[in-house]
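Presented below is the structure to which this report refers.
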Amino acid sequence: MDSLAEETGLLRQTAPSPQRPYETRRTFAIISHPDAGKTTLTEKLLLAGGAIEMAGAVRAKGNKNRAKSDWLDIEKNRGISVTSSVMTFEKGGVNFNLLDTPGHSDFSEDTYRTLTAVDSAIMVIDAAKGIEAQTRKLFEICRLRDIPIVTFVNKIDREGRDPFELLDEIEEQLALSVAPMVWPVGQGGLFKGCYDLVANDFLPARGSAVPCPAGLEDPALETALGAETHAALNDAATLAVEGYASFDREAFRQGHLTPVIFGSALENFAVGRLMDFIAAHAPEPRPQPSDRGPVDPSEDKVSGFVFKVQANMDPKHRDRVAFVRFCSGHFRRGMKLDHVRSGKALAVSNPIYFVAQERSLTEEAYAGDVIGIPNHGTLQVGDTLTEGEAFRFTGLPAFAPEVLRRVRLTDTMKMKQMRRGLEDLAQEGLVQVFRPTIGSDFIVGVVGPLQLDVLASRIAGEYKAEVSFEPVQYNVARWIRCENPQLLKEFIRENTMNVVRDRDDWPVYLCKDEWDLRYIMSRNKDIAFDATREIV
Ligand code: GDP
């Protein structure tokens, strides 16, 4: 087994040579079910990384910002996080880029796109609850992309489930090998601290770490715990080491094995170990898929893609920020990049980077880094930026919506505002907007109904137009395509009532239910009905 402490030391000694600064980047996200402790853990990571100075800062700042903006009231009222952002901090020569993912299940599309921009993820599990619905959903997305996952079993300061039961659950439900790294000593009222099975030291509930060079048998451990607790830990930890996989860096990086750290975000137990682990073992920027093959981070020329667009981040300025993940090269402020979709040059004069909730101008960026580019609608989710080459990054999907509604405007004088709002928010990826072939009412599609509340509230708050939603007779949407353009045209002509256009003018077929879909598919075998489409 590798020594975690040694590895961390090693990484710092061979601190990245200036030629390959991207090797210091760790771009990751936290995936979890709501309430598992993602916000608390984020805060503690930022604290450990020196990005914020005081516990409570993320939440306090978040609340202050939230108060400024109407639409975020929903977020506040429902206690969920709708927005996603990026937090950058540096520690021990390692640059951490933490991409925040919206926690609620309704926002899976936005989350999915954020996960296309990370190289690893922390999966936070509540020790009392184990794997929950949203954890599993997000995990599946990570698995699709072979994103390596570190598991943090949180809240061990409280009564929770048996650690072995939790390990077995992860192993069985997610079909992953588990490698226990940091083990709890007691739980709830009997919680004494954590034992690092790799570094061999004890992290007591209070006071500093107790080195145990002789491992679990070390007399220092018995002194610290007392004979009875020591014996119990010894038995459990030996079983944990022998009964489960040892940490294997390659298996972890390929997404077959997850190291497991038991800790407490609230009490700040083992959060430092988690961070050391990410620094030492989480992958540096990985090659990214494109239509000219994988783009390696060591390539000289700058390239990156937009994985998220957020409108009106600052309600005072009607701005729109496109979040770009760099994949290669050395970006410097003021550079002109090629916007591949439009074929135009884009001077990036005011790139923003994010430290905790603050933004400031950035002078440079490397593969793995994420910056925000303020713009007025030029940049869309899925766009590629390059230094003179015409290729596109691939693999950023749009999903067929599961809920469809007709948009009704209360005051018809506000048509322009509503249209603008729908367009902006569709670009952000909050909703999909469809134009019918006949008639003028917009149809919106979402993955979950909560998005509709957010949509109405944001259009009212940011665009001053009141909208409501009416049910439509459709529940299923599929993008349609055909190798023979003539056939597609005929199909669209024969089904005008059911065909709408998405924001990129792609035809979408709407029907009542899966049964109808199967029927129409059986009668039009040359037409493909897609539940996802790649964003181009
Ligand atoms: P999120 O929804 O995943 O972002 O979860 P939060 O970070 O907001 O945490 C949800 C609740 O769990 C809050 O009341 C936290 O104070 C609490 N919590 C988070 N981490 C811990 C922990 O390690 N121990 C205990 N006892 N409570 C925690």
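Here's how to read the names in the structure tokens: chain A, B, ... by the order shown, residue numbers from 1 in each chain, ligand numbers from 1 in the order shown.
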
For Glu250 (chain A), find every residue with an atom within 12 Å (counting only C-alpha atoms), except residues of its own chain fewer than 3 positions away, and show them as a VMD selection string. chain A and resid 2 148 246 to 247 253 to 259 281 to 283

Surroundings of ligand 1 up to 6 Å, based on only C-alpha atoms and all ligand atoms, as an MDAnalysis selection string: chainID A and resid 34:40 154:155 157:158 264:267

Convert the current residue selection to file output with N, CA and C atoms, as a PDB file, in the first residue's frame.
ATOM      1  N   PRO A  34     -28.798  15.762  -1.365  1.00  0.00           N
ATOM      2  CA  PRO A  34     -28.998  16.945  -0.522  1.00  0.00           C
ATOM      3  C   PRO A  34     -28.927  16.585   0.963  1.00  0.00           C
ATOM      4  N   ASP A  35     -28.251  17.444   1.728  1.00  0.00           N
ATOM      5  CA  ASP A  35     -28.141  17.296   3.185  1.00  0.00           C
ATOM      6  C   ASP A  35     -27.022  16.377   3.655  1.00  0.00           C
ATOM      7  N   ALA A  36     -26.309  15.774   2.730  1.00  0.00           N
ATOM      8  CA  ALA A  36     -25.226  14.877   3.153  1.00  0.00           C
ATOM      9  C   ALA A  36     -24.045  15.659   3.715  1.00  0.00           C
ATOM     10  N   GLY A  37     -23.959  16.960   3.343  1.00  0.00           N
ATOM     11  CA  GLY A  37     -22.881  17.774   3.916  1.00  0.00           C
ATOM     12  C   GLY A  37     -21.957  18.402   2.885  1.00  0.00           C
ATOM     13  N   LYS A  38     -22.431  18.526   1.655  1.00  0.00           N
ATOM     14  CA  LYS A  38     -21.575  19.083   0.603  1.00  0.00           C
ATOM     15  C   LYS A  38     -21.147  20.525   0.900  1.00  0.00           C
ATOM     16  N   THR A  39     -22.102  21.332   1.320  1.00  0.00           N
ATOM     17  CA  THR A  39     -21.777  22.734   1.596  1.00  0.00           C
ATOM     18  C   THR A  39     -20.773  22.838   2.735  1.00  0.00           C
ATOM     19  N   THR A  40     -21.010  22.057   3.776  1.00  0.00           N
ATOM     20  CA  THR A  40     -20.119  22.088   4.932  1.00  0.00           C
ATOM     21  C   THR A  40     -18.716  21.625   4.529  1.00  0.00           C
ATOM     22  N   ASN A 154     -19.477  10.942   5.715  1.00  0.00           N
ATOM     23  CA  ASN A 154     -19.567  12.126   6.580  1.00  0.00           C
ATOM     24  C   ASN A 154     -20.431  11.882   7.823  1.00  0.00           C
ATOM     25  N   LYS A 155     -20.284  12.768   8.778  1.00  0.00           N
ATOM     26  CA  LYS A 155     -21.097  12.814  10.007  1.00  0.00           C
ATOM     27  C   LYS A 155     -20.817  11.645  10.938  1.00  0.00           C
ATOM     28  N   ASP A 157     -19.368  11.834  13.574  1.00  0.00           N
ATOM     29  CA  ASP A 157     -19.459  12.331  14.953  1.00  0.00           C
ATOM     30  C   ASP A 157     -20.856  12.065  15.509  1.00  0.00           C
ATOM     31  N   ARG A 158     -21.771  11.634  14.635  1.00  0.00           N
ATOM     32  CA  ARG A 158     -23.142  11.339  15.061  1.00  0.00           C
ATOM     33  C   ARG A 158     -23.392   9.850  14.990  1.00  0.00           C
ATOM     34  N   SER A 264     -15.757  13.834   9.439  1.00  0.00           N
ATOM     35  CA  SER A 264     -16.853  14.738   9.752  1.00  0.00           C
ATOM     36  C   SER A 264     -16.510  16.111   9.212  1.00  0.00           C
ATOM     37  N   ALA A 265     -17.345  16.571   8.288  1.00  0.00           N
ATOM     38  CA  ALA A 265     -17.101  17.893   7.717  1.00  0.00           C
ATOM     39  C   ALA A 265     -17.324  18.955   8.786  1.00  0.00           C
ATOM     40  N   LEU A 266     -18.390  18.767   9.557  1.00  0.00           N
ATOM     41  CA  LEU A 266     -18.748  19.765  10.563  1.00  0.00           C
ATOM     42  C   LEU A 266     -17.640  19.923  11.603  1.00  0.00           C
ATOM     43  N   GLU A 267     -17.130  18.798  12.093  1.00  0.00           N
ATOM     44  CA  GLU A 267     -16.110  18.840  13.131  1.00  0.00           C
ATOM     45  C   GLU A 267     -14.693  18.909  12.549  1.00  0.00           C
TER      46      GLU A 267
END

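Contact shell of region 170-177 of chain A at 8 Å (only C-alpha atoms; same-chain neighbours under 3 positions omitted): Ile131, Arg136, Phe139, Leu166, Leu167, Tyr244, Ala245, His256, Leu257 and Thr258 of chain A.
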
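One finds CA of Val381 (chain A) at 26.1 Å from CA of Glu23 (chain A).
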
List every residue of region 274-523 of chain A that DSSP, applied to the backbone of this structure, places in helix (DSSP H, G or I), and write the result as a ChimeraX atom specification. /A:274-281,412-428,450-463,485-494,496-498,514-523

What's the 12 Å shell around region 215-220 of chain A, counting only C-alpha atoms, without same-chain residues fewer than 6 positions away, as a list in words? Trp183, Val185, Tyr195, Asp196, Leu197, Val198, Ala199, Asn200, Asp201, Phe202, Ala209, Gly226, Ala227, Thr229, His230, Ala231, Ala232, Leu233, Asn234, Asp235, Ala236, Ala237, Thr238, Leu239 and Val241 of chain A

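Taking CA of Val94 (chain A) as the reference point, CA of Pro351 (chain A) is found at 21.4 Å.
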
Using only C-alpha atoms, determine which residues lie at most 9 Å from Ile492 (chain A), disregarding the query and same-chain residues fewer than 6 positions distant; provide the list as a PyMOL selection string. chain A and resi 498-499+507+509

Grab the residues selected above and save them as a PDB file, in the first residue's frame with N, CA and C atoms.
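Resulting contents of selection15.pdb:
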ATOM      1  N   ASN A 498     -46.927  17.969 -34.521  1.00  0.00           N
ATOM      2  CA  ASN A 498     -46.114  17.349 -33.485  1.00  0.00           C
ATOM      3  C   ASN A 498     -44.636  17.740 -33.533  1.00  0.00           C
ATOM      4  N   VAL A 499     -44.267  18.507 -34.558  1.00  0.00           N
ATOM      5  CA  VAL A 499     -42.839  18.824 -34.667  1.00  0.00           C
ATOM      6  C   VAL A 499     -42.576  20.265 -34.235  1.00  0.00           C
ATOM      7  N   PRO A 507     -35.084  19.792 -35.382  1.00  0.00           N
ATOM      8  CA  PRO A 507     -36.469  19.345 -35.245  1.00  0.00           C
ATOM      9  C   PRO A 507     -36.631  18.358 -34.082  1.00  0.00           C
ATOM     10  N   TYR A 509     -39.620  15.856 -32.216  1.00  0.00           N
ATOM     11  CA  TYR A 509     -40.953  15.253 -32.338  1.00  0.00           C
ATOM     12  C   TYR A 509     -41.560  15.093 -30.947  1.00  0.00           C
TER      13      TYR A 509
END

Just the residues within 7 Å of Ser303 (chain A), please, counting only C-alpha atoms, with nothing from its chain fewer than 6 positions along; format it as a list in words. Phe326, Cys327, Ser328, Gly329, Leu385, Thr386 and Glu387 of chain A

With DSSP run on the backbone, what are the strand (DSSP E or B) residues within region 287-525 of chain A? I'd like them as a PyMOL selection string. chain A and resi 288+290-291+293+295+303-311+320-328+330-332+336-339+344-347+352-355+358-361+364-366+370-375+384-386+393+397-399+403-409+432-436+443-446+467-471+476-481+499-501+507-511

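Reported to one decimal place, the separation of CA of Ile30 (chain A) from CA of Thr42 (chain A) is 8.1 Å.
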
Show me, as a CSV table (one decimal) with N, CA and C atoms, in the first residue's frame, the residues that have an atom within 8 Å of region 398-408 of chain A when counting only C-alpha atoms, minus same-chain residues fewer than 2 positions from it.
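Output file part32.csv is given in full below:
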chain,number,residue,atom,x,y,z
A,109,GLU,N,-29.2,18.0,-15.5
A,109,GLU,CA,-28.6,18.3,-16.8
A,109,GLU,C,-27.4,19.3,-16.6
A,396,LEU,N,-20.7,16.6,-24.8
A,396,LEU,CA,-21.5,17.4,-23.9
A,396,LEU,C,-23.0,17.2,-24.4
A,410,THR,N,-48.8,36.7,-19.0
A,410,THR,CA,-49.9,37.4,-18.4
A,410,THR,C,-50.2,38.7,-19.1
A,432,GLN,N,-35.2,23.9,-21.7
A,432,GLN,CA,-35.2,23.8,-23.2
A,432,GLN,C,-36.4,24.5,-23.7
A,441,ASP,N,-47.0,30.1,-29.5
A,441,ASP,CA,-46.7,29.8,-28.1
A,441,ASP,C,-45.5,29.0,-27.9
A,442,PHE,N,-44.6,29.4,-27.0
A,442,PHE,CA,-43.4,28.6,-26.8
A,442,PHE,C,-43.8,27.4,-25.9
A,443,ILE,N,-43.1,26.4,-26.1
A,443,ILE,CA,-43.2,25.2,-25.2
A,443,ILE,C,-41.8,25.1,-24.5
A,444,VAL,N,-41.9,24.9,-23.2
A,444,VAL,CA,-40.6,24.7,-22.5
A,444,VAL,C,-40.6,23.2,-22.0
A,445,GLY,N,-39.4,22.7,-22.0
A,445,GLY,CA,-39.1,21.4,-21.5
A,445,GLY,C,-38.1,21.4,-20.4
A,446,VAL,N,-38.4,20.6,-19.3
A,446,VAL,CA,-37.5,20.5,-18.2
A,446,VAL,C,-37.4,19.0,-17.8
A,447,VAL,N,-36.3,18.8,-17.0
A,447,VAL,CA,-36.2,17.4,-16.5
A,447,VAL,C,-37.0,17.2,-15.3
A,448,GLY,N,-37.2,18.2,-14.5
A,448,GLY,CA,-38.0,18.1,-13.3
A,448,GLY,C,-38.8,19.4,-13.1
A,449,PRO,N,-40.0,19.2,-12.5
A,449,PRO,CA,-40.9,20.4,-12.4
A,449,PRO,C,-40.4,21.6,-11.6
A,467,VAL,N,-45.1,35.0,-16.2
A,467,VAL,CA,-45.5,33.9,-17.0
A,467,VAL,C,-46.1,32.7,-16.2
A,468,SER,N,-46.9,32.0,-16.8
A,468,SER,CA,-47.4,30.8,-16.1
A,468,SER,C,-47.3,29.6,-17.1
A,469,PHE,N,-47.6,28.4,-16.7
A,469,PHE,CA,-47.4,27.3,-17.5
A,469,PHE,C,-48.7,26.4,-17.6
A,470,GLU,N,-49.0,26.0,-18.8
A,470,GLU,CA,-50.2,25.1,-19.0
A,470,GLU,C,-49.7,23.8,-19.5
A,471,PRO,N,-50.5,22.8,-19.1
A,471,PRO,CA,-50.1,21.4,-19.6
A,471,PRO,C,-50.3,21.3,-21.1
A,472,VAL,N,-49.5,20.5,-21.8
A,472,VAL,CA,-49.8,20.2,-23.2
A,472,VAL,C,-50.1,18.8,-23.3
A,474,TYR,N,-48.5,16.6,-24.7
A,474,TYR,CA,-47.3,15.8,-24.9
A,474,TYR,C,-46.5,15.5,-23.7
A,475,ASN,N,-45.9,14.3,-23.6
A,475,ASN,CA,-45.1,14.0,-22.4
A,475,ASN,C,-43.7,13.5,-22.9
A,476,VAL,N,-43.6,13.3,-24.2
A,476,VAL,CA,-42.3,12.7,-24.6
A,476,VAL,C,-41.8,13.6,-25.8
A,477,ALA,N,-40.5,13.8,-25.7
A,477,ALA,CA,-39.8,14.6,-26.8
A,477,ALA,C,-38.6,13.8,-27.3
A,478,ARG,N,-38.5,13.8,-28.6
A,478,ARG,CA,-37.3,13.2,-29.2
A,478,ARG,C,-36.7,14.0,-30.4
A,479,TRP,N,-35.4,14.2,-30.4
A,479,TRP,CA,-34.8,14.8,-31.5
A,479,TRP,C,-34.9,13.9,-32.7
A,530,ASP,N,-34.0,10.5,-31.1
A,530,ASP,CA,-33.0,10.5,-30.1
A,530,ASP,C,-33.4,11.1,-28.8
A,531,ALA,N,-33.1,10.4,-27.7
A,531,ALA,CA,-33.4,10.9,-26.3
A,531,ALA,C,-32.3,11.9,-25.9
A,532,THR,N,-31.2,11.9,-26.5
A,532,THR,CA,-30.1,12.9,-26.2
A,532,THR,C,-29.6,13.4,-27.5
A,533,ARG,N,-29.0,14.5,-27.4
A,533,ARG,CA,-28.3,15.0,-28.6
A,533,ARG,C,-27.1,15.7,-28.1
A,534,GLU,N,-26.0,15.6,-28.9
A,534,GLU,CA,-24.8,16.3,-28.5
A,534,GLU,C,-25.0,17.8,-28.8
A,535,ILE,N,-24.5,18.6,-27.9
A,535,ILE,CA,-24.7,20.1,-28.1
A,535,ILE,C,-23.6,20.5,-29.1

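Considering only C-alpha atoms, the residue among A:Ser120, A:Thr114, A:Asn268, A:Thr223 positioned nearest to Ala48 (chain A) is A:Asn268.
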